[in-house]
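Reviewing the structure listed below.
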Amino acid sequence: MPRVPRSSQSFHSRSSHLKVNRSKPIRGKIAPRDQKVLSKLAGEVALRTFPAEQIARWQREIHQNTLSLSRSIDQPNFTSVGRDDLVRMIRMYDDLFFDGKILPVAHAEGLSFGLSSRMTRVAGKMVTHYPHGDHEAPRQFELILSSTLLFQTFEDEGRPAEVTGRVCKDRLEAMQRVAEHEFVHLIEMLIWNDGNCSEARFQSIAQRYFGHTDYRHDLITQRERALTKFNIRIGDEVRFRHDRQVLTGRVNRITRRATILVENAKGERFSDGHRYLRFYVPLEKLSKA
Ligand SMILES: [Zn+2]
């Protein structure tokens with residue numbers, strides 16, 4: 001899911017830096033990658049529609065149930081979230097919107113969930129692994145949300161966020177929209193073994209089931225946070241403490257921390273011909289030089 005223009009960030013990246021956390025398969029007799037089962041699902045997913053108020057009612061129900069069932073999510077702008085919250089949320093979506101038909105089929109192949117604090121640009125991703133190196137063999141699906149992007153949005157009440165074309169009032173709503181988006185990715189991969197949120201089939205499913213009108217998010221990225229909260233942008237000259245000295249350098253990159261280049265004869269040579277040492281500094285530790 002690409003980010004809305006401001007800068008072009010994607011909801012996804014192909015890289016996967018999380019360990020596979022395999023969930024145990026659900027009991028039942030579903031064979032992995034059973035074409036008959038998948039075709040039946042395809043027929044349903046390709047056509048089913050819901051009235052808008054039905055969609056909204058179920059989405060609210062999931063919002064409320066999460067608040068009452070979760071041990072971590074105790075308020076709409078929650079400050080901690082667990083993997084179990086994502087697992088429960090996706091299960092509720094499957095039960096309400098798909099009559100519980102998707103997850104057992106995905107689990108028959110292999111499905112795991114995760115939250116990542118290291119995803120600083122993409123809000124979520126769904127990775128399909130082919131452990132047998134064979135495109136036709138059973139796969140492993142991995143659905144991951146970025147806790148970092150969720151937490152730094154709605155941080156100071158100020159700016160609302162639009163996710164999937166819908167304005168989110170709180171962090172939990174944003175988490176739901178991202179989870180819905182990634183769930184559609186899972187469904188597409190599961191059934192058709194390919195998919196893309198910038199294409200018609202994905203958008204049709206996301207629209208009919210969840211009322212999405214866009215496939216992008218507007219959650220606050222580190223770069224935006226650096227600018228609005230700390231007034232720091234790439235290229236700025238900044239000062240920071242390191243050991244017992246104050247160093248001055250230039251901001252070269254902003255992820256979870258800022259990468260600062262400090263000119264130093266012992267450093268590596270950069271394209272401008274000068275030598276720099278690299279420092280990784282939390283944004284709040286920087287001040288403009
Ligand atoms: Zn996407």
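Starting from 1 in every chain, residues are counted up; chains themselves are A, B, ... following the order of the structure tokens, and ligands are numbered from 1 as listed.
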Item checked: Contact residues around A:Glu199 with only C-alpha atoms at 12 Å, ignoring same-chain residues under 5 positions, as a list in words -> Met1, His185, Glu188, Asp194, Ser204, Ile205, Ala206, Asp214 and Tyr215 of chain A
Restrict the calculation to only C-alpha atoms and all ligand atoms, then for each residue of chain A with any atom at most 12 Å from an atom of ligand 1 give the closest atom pair and their distance in Å to one decimal, rows by chain and rising residue number, as CSV.
residue,atom,partner,partner_atom_place_in_ligand_line,distance
A:Met1,CA,ligand 1,1 (Zn),3.4
A:Pro2,CA,ligand 1,1 (Zn),7.0
A:Arg3,CA,ligand 1,1 (Zn),9.9
A:Gln9,CA,ligand 1,1 (Zn),11.2
A:Ser10,CA,ligand 1,1 (Zn),7.8
A:Phe11,CA,ligand 1,1 (Zn),5.6
A:His12,CA,ligand 1,1 (Zn),6.1
A:Ser13,CA,ligand 1,1 (Zn),9.4
A:Arg14,CA,ligand 1,1 (Zn),11.2
A:Val122,CA,ligand 1,1 (Zn),9.4
A:Ala123,CA,ligand 1,1 (Zn),9.3
A:Gly124,CA,ligand 1,1 (Zn),7.9
A:Lys125,CA,ligand 1,1 (Zn),7.0
A:Met126,CA,ligand 1,1 (Zn),8.1
A:Val127,CA,ligand 1,1 (Zn),10.7
A:Leu143,CA,ligand 1,1 (Zn),11.4
A:Ile144,CA,ligand 1,1 (Zn),11.8
A:Leu145,CA,ligand 1,1 (Zn),11.6
A:Val163,CA,ligand 1,1 (Zn),11.4
A:Thr164,CA,ligand 1,1 (Zn),9.7
A:Arg177,CA,ligand 1,1 (Zn),11.3
A:Val178,CA,ligand 1,1 (Zn),9.0
A:Ala179,CA,ligand 1,1 (Zn),10.5
A:Glu180,CA,ligand 1,1 (Zn),10.1
A:His181,CA,ligand 1,1 (Zn),6.4
A:Glu182,CA,ligand 1,1 (Zn),6.5
A:Phe183,CA,ligand 1,1 (Zn),9.6
A:Val184,CA,ligand 1,1 (Zn),8.4
A:His185,CA,ligand 1,1 (Zn),6.6
A:Leu186,CA,ligand 1,1 (Zn),10.0
A:Ile187,CA,ligand 1,1 (Zn),11.9
A:Glu188,CA,ligand 1,1 (Zn),10.8
A:Met189,CA,ligand 1,1 (Zn),11.6
A:Gly195,CA,ligand 1,1 (Zn),9.0
A:Asn196,CA,ligand 1,1 (Zn),6.5
A:Cys197,CA,ligand 1,1 (Zn),4.5
A:Ser198,CA,ligand 1,1 (Zn),7.4
A:Glu199,CA,ligand 1,1 (Zn),9.8
A:Phe202,CA,ligand 1,1 (Zn),8.7
A:Gln203,CA,ligand 1,1 (Zn),9.7
A:Ala206,CA,ligand 1,1 (Zn),10.3
A:His212,CA,ligand 1,1 (Zn),11.9
A:Asp214,CA,ligand 1,1 (Zn),10.0
A:Tyr215,CA,ligand 1,1 (Zn),6.3
A:Arg216,CA,ligand 1,1 (Zn),7.4
A:His217,CA,ligand 1,1 (Zn),9.6
Take the selection from the previous step and output its residues with C-alpha atoms, as a PDB file, in the first residue's frame.
ATOM      1  CA  MET A   1       0.000   0.000   0.000  1.00  0.00           C
ATOM      2  CA  PRO A   2       1.784   3.104  -1.181  1.00  0.00           C
ATOM      3  CA  ARG A   3       1.629   6.188   0.917  1.00  0.00           C
ATOM      4  CA  GLN A   9       6.083   5.266   0.448  1.00  0.00           C
ATOM      5  CA  SER A  10       4.735   1.869   0.040  1.00  0.00           C
ATOM      6  CA  PHE A  11       2.530  -0.101   2.384  1.00  0.00           C
ATOM      7  CA  HIS A  12       4.746  -2.992   1.462  1.00  0.00           C
ATOM      8  CA  SER A  13       8.220  -3.866   0.718  1.00  0.00           C
ATOM      9  CA  ARG A  14       9.409  -7.224  -0.416  1.00  0.00           C
ATOM     10  CA  VAL A 122       5.227   0.662   5.227  1.00  0.00           C
ATOM     11  CA  ALA A 123       2.147   0.337   7.423  1.00  0.00           C
ATOM     12  CA  GLY A 124       1.780  -3.358   6.852  1.00  0.00           C
ATOM     13  CA  LYS A 125       2.846  -6.132   4.595  1.00  0.00           C
ATOM     14  CA  MET A 126       1.857  -9.610   3.591  1.00  0.00           C
ATOM     15  CA  VAL A 127       4.724 -11.780   2.515  1.00  0.00           C
ATOM     16  CA  LEU A 143       1.006 -10.828   7.752  1.00  0.00           C
ATOM     17  CA  ILE A 144       2.793  -8.003   9.553  1.00  0.00           C
ATOM     18  CA  LEU A 145       1.716  -4.573  10.750  1.00  0.00           C
ATOM     19  CA  VAL A 163      -6.010   5.065   5.567  1.00  0.00           C
ATOM     20  CA  THR A 164      -7.543   3.230   2.598  1.00  0.00           C
ATOM     21  CA  ARG A 177      -7.901  -0.315   8.090  1.00  0.00           C
ATOM     22  CA  VAL A 178      -4.319  -1.557   7.727  1.00  0.00           C
ATOM     23  CA  ALA A 179      -5.328  -5.045   8.901  1.00  0.00           C
ATOM     24  CA  GLU A 180      -8.219  -5.097   6.405  1.00  0.00           C
ATOM     25  CA  HIS A 181      -5.887  -4.085   3.609  1.00  0.00           C
ATOM     26  CA  GLU A 182      -3.364  -6.791   4.449  1.00  0.00           C
ATOM     27  CA  PHE A 183      -6.126  -9.337   4.863  1.00  0.00           C
ATOM     28  CA  VAL A 184      -7.247  -8.621   1.298  1.00  0.00           C
ATOM     29  CA  HIS A 185      -3.655  -9.236   0.197  1.00  0.00           C
ATOM     30  CA  LEU A 186      -3.722 -12.564   1.992  1.00  0.00           C
ATOM     31  CA  ILE A 187      -7.003 -13.519   0.354  1.00  0.00           C
ATOM     32  CA  GLU A 188      -5.751 -12.610  -3.118  1.00  0.00           C
ATOM     33  CA  MET A 189      -2.519 -14.547  -2.713  1.00  0.00           C
ATOM     34  CA  GLY A 195      -2.240  -9.828  -6.542  1.00  0.00           C
ATOM     35  CA  ASN A 196      -1.518  -6.181  -6.303  1.00  0.00           C
ATOM     36  CA  CYS A 197      -3.309  -3.463  -4.419  1.00  0.00           C
ATOM     37  CA  SER A 198      -2.922  -1.020  -7.280  1.00  0.00           C
ATOM     38  CA  GLU A 199      -5.023  -3.271  -9.497  1.00  0.00           C
ATOM     39  CA  PHE A 202      -7.788  -6.083  -5.168  1.00  0.00           C
ATOM     40  CA  GLN A 203      -9.610  -2.775  -5.147  1.00  0.00           C
ATOM     41  CA  ALA A 206     -11.366  -4.074  -0.611  1.00  0.00           C
ATOM     42  CA  HIS A 212     -12.046   1.108   0.980  1.00  0.00           C
ATOM     43  CA  ASP A 214      -7.951   3.959  -1.758  1.00  0.00           C
ATOM     44  CA  TYR A 215      -5.105   1.545  -1.339  1.00  0.00           C
ATOM     45  CA  ARG A 216      -2.750   3.965   0.353  1.00  0.00           C
ATOM     46  CA  HIS A 217      -2.155   5.257   3.827  1.00  0.00           C
TER      47      HIS A 217
END
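One distance worth recording is that between atom CA of A:Leu219 and atom CA of A:Glu284, which is 19.9 Å.
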Mind dumping a table of every stretch 62-162 of chain A residue within 12 Å of stretch 246-263 of chain A, with the nearest atom pair and its distance in Å to one decimal, using only C-alpha atoms, sorted by chain and rising number, as a Markdown table?
| residue | atom | partner | partner_atom | distance |
| --- | --- | --- | --- | --- |
| A:Ser117 | CA | A:Arg256 | CA | 8.9 |
| A:Arg118 | CA | A:Arg256 | CA | 7.4 |
| A:Met119 | CA | A:Arg256 | CA | 8.8 |
| A:Thr120 | CA | A:Thr255 | CA | 6.3 |
| A:Arg121 | CA | A:Thr255 | CA | 8.3 |
| A:Val122 | CA | A:Thr255 | CA | 11.7 |
| A:Thr148 | CA | A:Arg256 | CA | 8.6 |
| A:Leu149 | CA | A:Arg256 | CA | 10.4 |
| A:Gln152 | CA | A:Arg256 | CA | 11.0 |
Item checked: d(atom CA of A:Asp84, atom CA of A:Gln176) in Å -> 14.0 Å
Notebook entry, point to check: Please, which residues of stretch 14-196 of chain A, numbered as in this document, come out strand (DSSP E) from DSSP, as a list in words?
Noted result: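 Those in stretch 14-196 of chain A that DSSP calls strand (DSSP E) are Leu111, Ser112, Phe113, Gly114, Leu115, Ser116, Gly124, Lys125, Met126, Val127, Thr128, His129, Gln140, Phe141, Glu142, Leu143, Ile144, Leu145, Ser146, Ala161, Glu162, Val163, Arg166, Val167 and Cys168 of chain A.
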Include C-alpha atoms and write out the residues we just selected as a PDB file, in the first residue's frame.
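Output below, filename selection.pdb:
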ATOM      1  CA  LEU A 111       0.084 -18.545   8.247  1.00  0.00           C
ATOM      2  CA  SER A 112       1.785 -16.359  10.806  1.00  0.00           C
ATOM      3  CA  PHE A 113       1.224 -12.867  12.154  1.00  0.00           C
ATOM      4  CA  GLY A 114       3.594 -10.257  13.466  1.00  0.00           C
ATOM      5  CA  LEU A 115       4.019  -6.671  14.571  1.00  0.00           C
ATOM      6  CA  SER A 116       7.179  -4.903  13.589  1.00  0.00           C
ATOM      7  CA  GLY A 124       1.780  -3.358   6.852  1.00  0.00           C
ATOM      8  CA  LYS A 125       2.846  -6.132   4.595  1.00  0.00           C
ATOM      9  CA  MET A 126       1.857  -9.610   3.591  1.00  0.00           C
ATOM     10  CA  VAL A 127       4.724 -11.780   2.515  1.00  0.00           C
ATOM     11  CA  THR A 128       4.275 -15.075   0.703  1.00  0.00           C
ATOM     12  CA  HIS A 129       7.089 -17.548   1.112  1.00  0.00           C
ATOM     13  CA  GLN A 140       3.751 -19.763   4.036  1.00  0.00           C
ATOM     14  CA  PHE A 141       1.928 -16.497   4.517  1.00  0.00           C
ATOM     15  CA  GLU A 142       3.143 -13.843   6.886  1.00  0.00           C
ATOM     16  CA  LEU A 143       1.006 -10.828   7.752  1.00  0.00           C
ATOM     17  CA  ILE A 144       2.793  -8.003   9.553  1.00  0.00           C
ATOM     18  CA  LEU A 145       1.716  -4.573  10.750  1.00  0.00           C
ATOM     19  CA  SER A 146       4.040  -1.719  11.646  1.00  0.00           C
ATOM     20  CA  ALA A 161      -4.896  10.030   9.319  1.00  0.00           C
ATOM     21  CA  GLU A 162      -6.501   8.752   6.194  1.00  0.00           C
ATOM     22  CA  VAL A 163      -6.010   5.065   5.567  1.00  0.00           C
ATOM     23  CA  ARG A 166     -11.144   6.626   5.033  1.00  0.00           C
ATOM     24  CA  VAL A 167     -10.460   9.136   7.763  1.00  0.00           C
ATOM     25  CA  CYS A 168      -9.522   7.385  10.990  1.00  0.00           C
TER      26      CYS A 168
END
Check: Can you list, as a PyMOL selection string, every protein, DNA or RNA residue that comes within 9 Å of A:Ala42 when you count only C-alpha atoms, leaving out same-chain residues fewer than 3 positions away?
Finding: chain A and resi 37-39+45-47+188+191-192
Since we have the selection now, will you write its residues out, keeping C-alpha atoms, as a PDB file, in the first residue's frame?
ATOM      1  CA  VAL A  37     -11.711 -25.309  -2.024  1.00  0.00           C
ATOM      2  CA  LEU A  38      -9.866 -22.332  -3.477  1.00  0.00           C
ATOM      3  CA  SER A  39     -12.104 -22.086  -6.550  1.00  0.00           C
ATOM      4  CA  VAL A  45     -14.901 -13.401  -2.910  1.00  0.00           C
ATOM      5  CA  ALA A  46     -15.191 -12.181  -6.484  1.00  0.00           C
ATOM      6  CA  LEU A  47     -18.878 -11.328  -6.184  1.00  0.00           C
ATOM      7  CA  GLU A 188      -5.751 -12.610  -3.118  1.00  0.00           C
ATOM      8  CA  ILE A 191      -6.844 -17.805  -3.952  1.00  0.00           C
ATOM      9  CA  TRP A 192      -5.086 -16.495  -7.055  1.00  0.00           C
TER      10      TRP A 192
END
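Among the candidates A:Ala289, A:Gly100, A:Pro32, A:Arg88, the one nearest to A:Asp236 when counting only C-alpha atoms is A:Ala289.
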Checklist line | Among listed residues A:Arg139, A:Arg91, A:Lys288, A:Arg171, nearest A:Leu67 (using only C-alpha atoms) | finding: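 Of A:Arg139, A:Arg91, A:Lys288, A:Arg171, the one nearest A:Leu67 is A:Arg171, counting only C-alpha atoms.
Distances to A:Ile62 were evaluated for A:Pro282, A:Pro76, A:Gly235, A:Gly211 using only C-alpha atoms, and the minimum falls at A:Pro76.
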Check: Can you list every residue in stretch 30-200 of chain A that DSSP puts in helix (DSSP H, G or I), as number ranges by chain?
Finding: A: 35-47, 52-69, 83-98, 102-109, 147-152, 171-192, 200
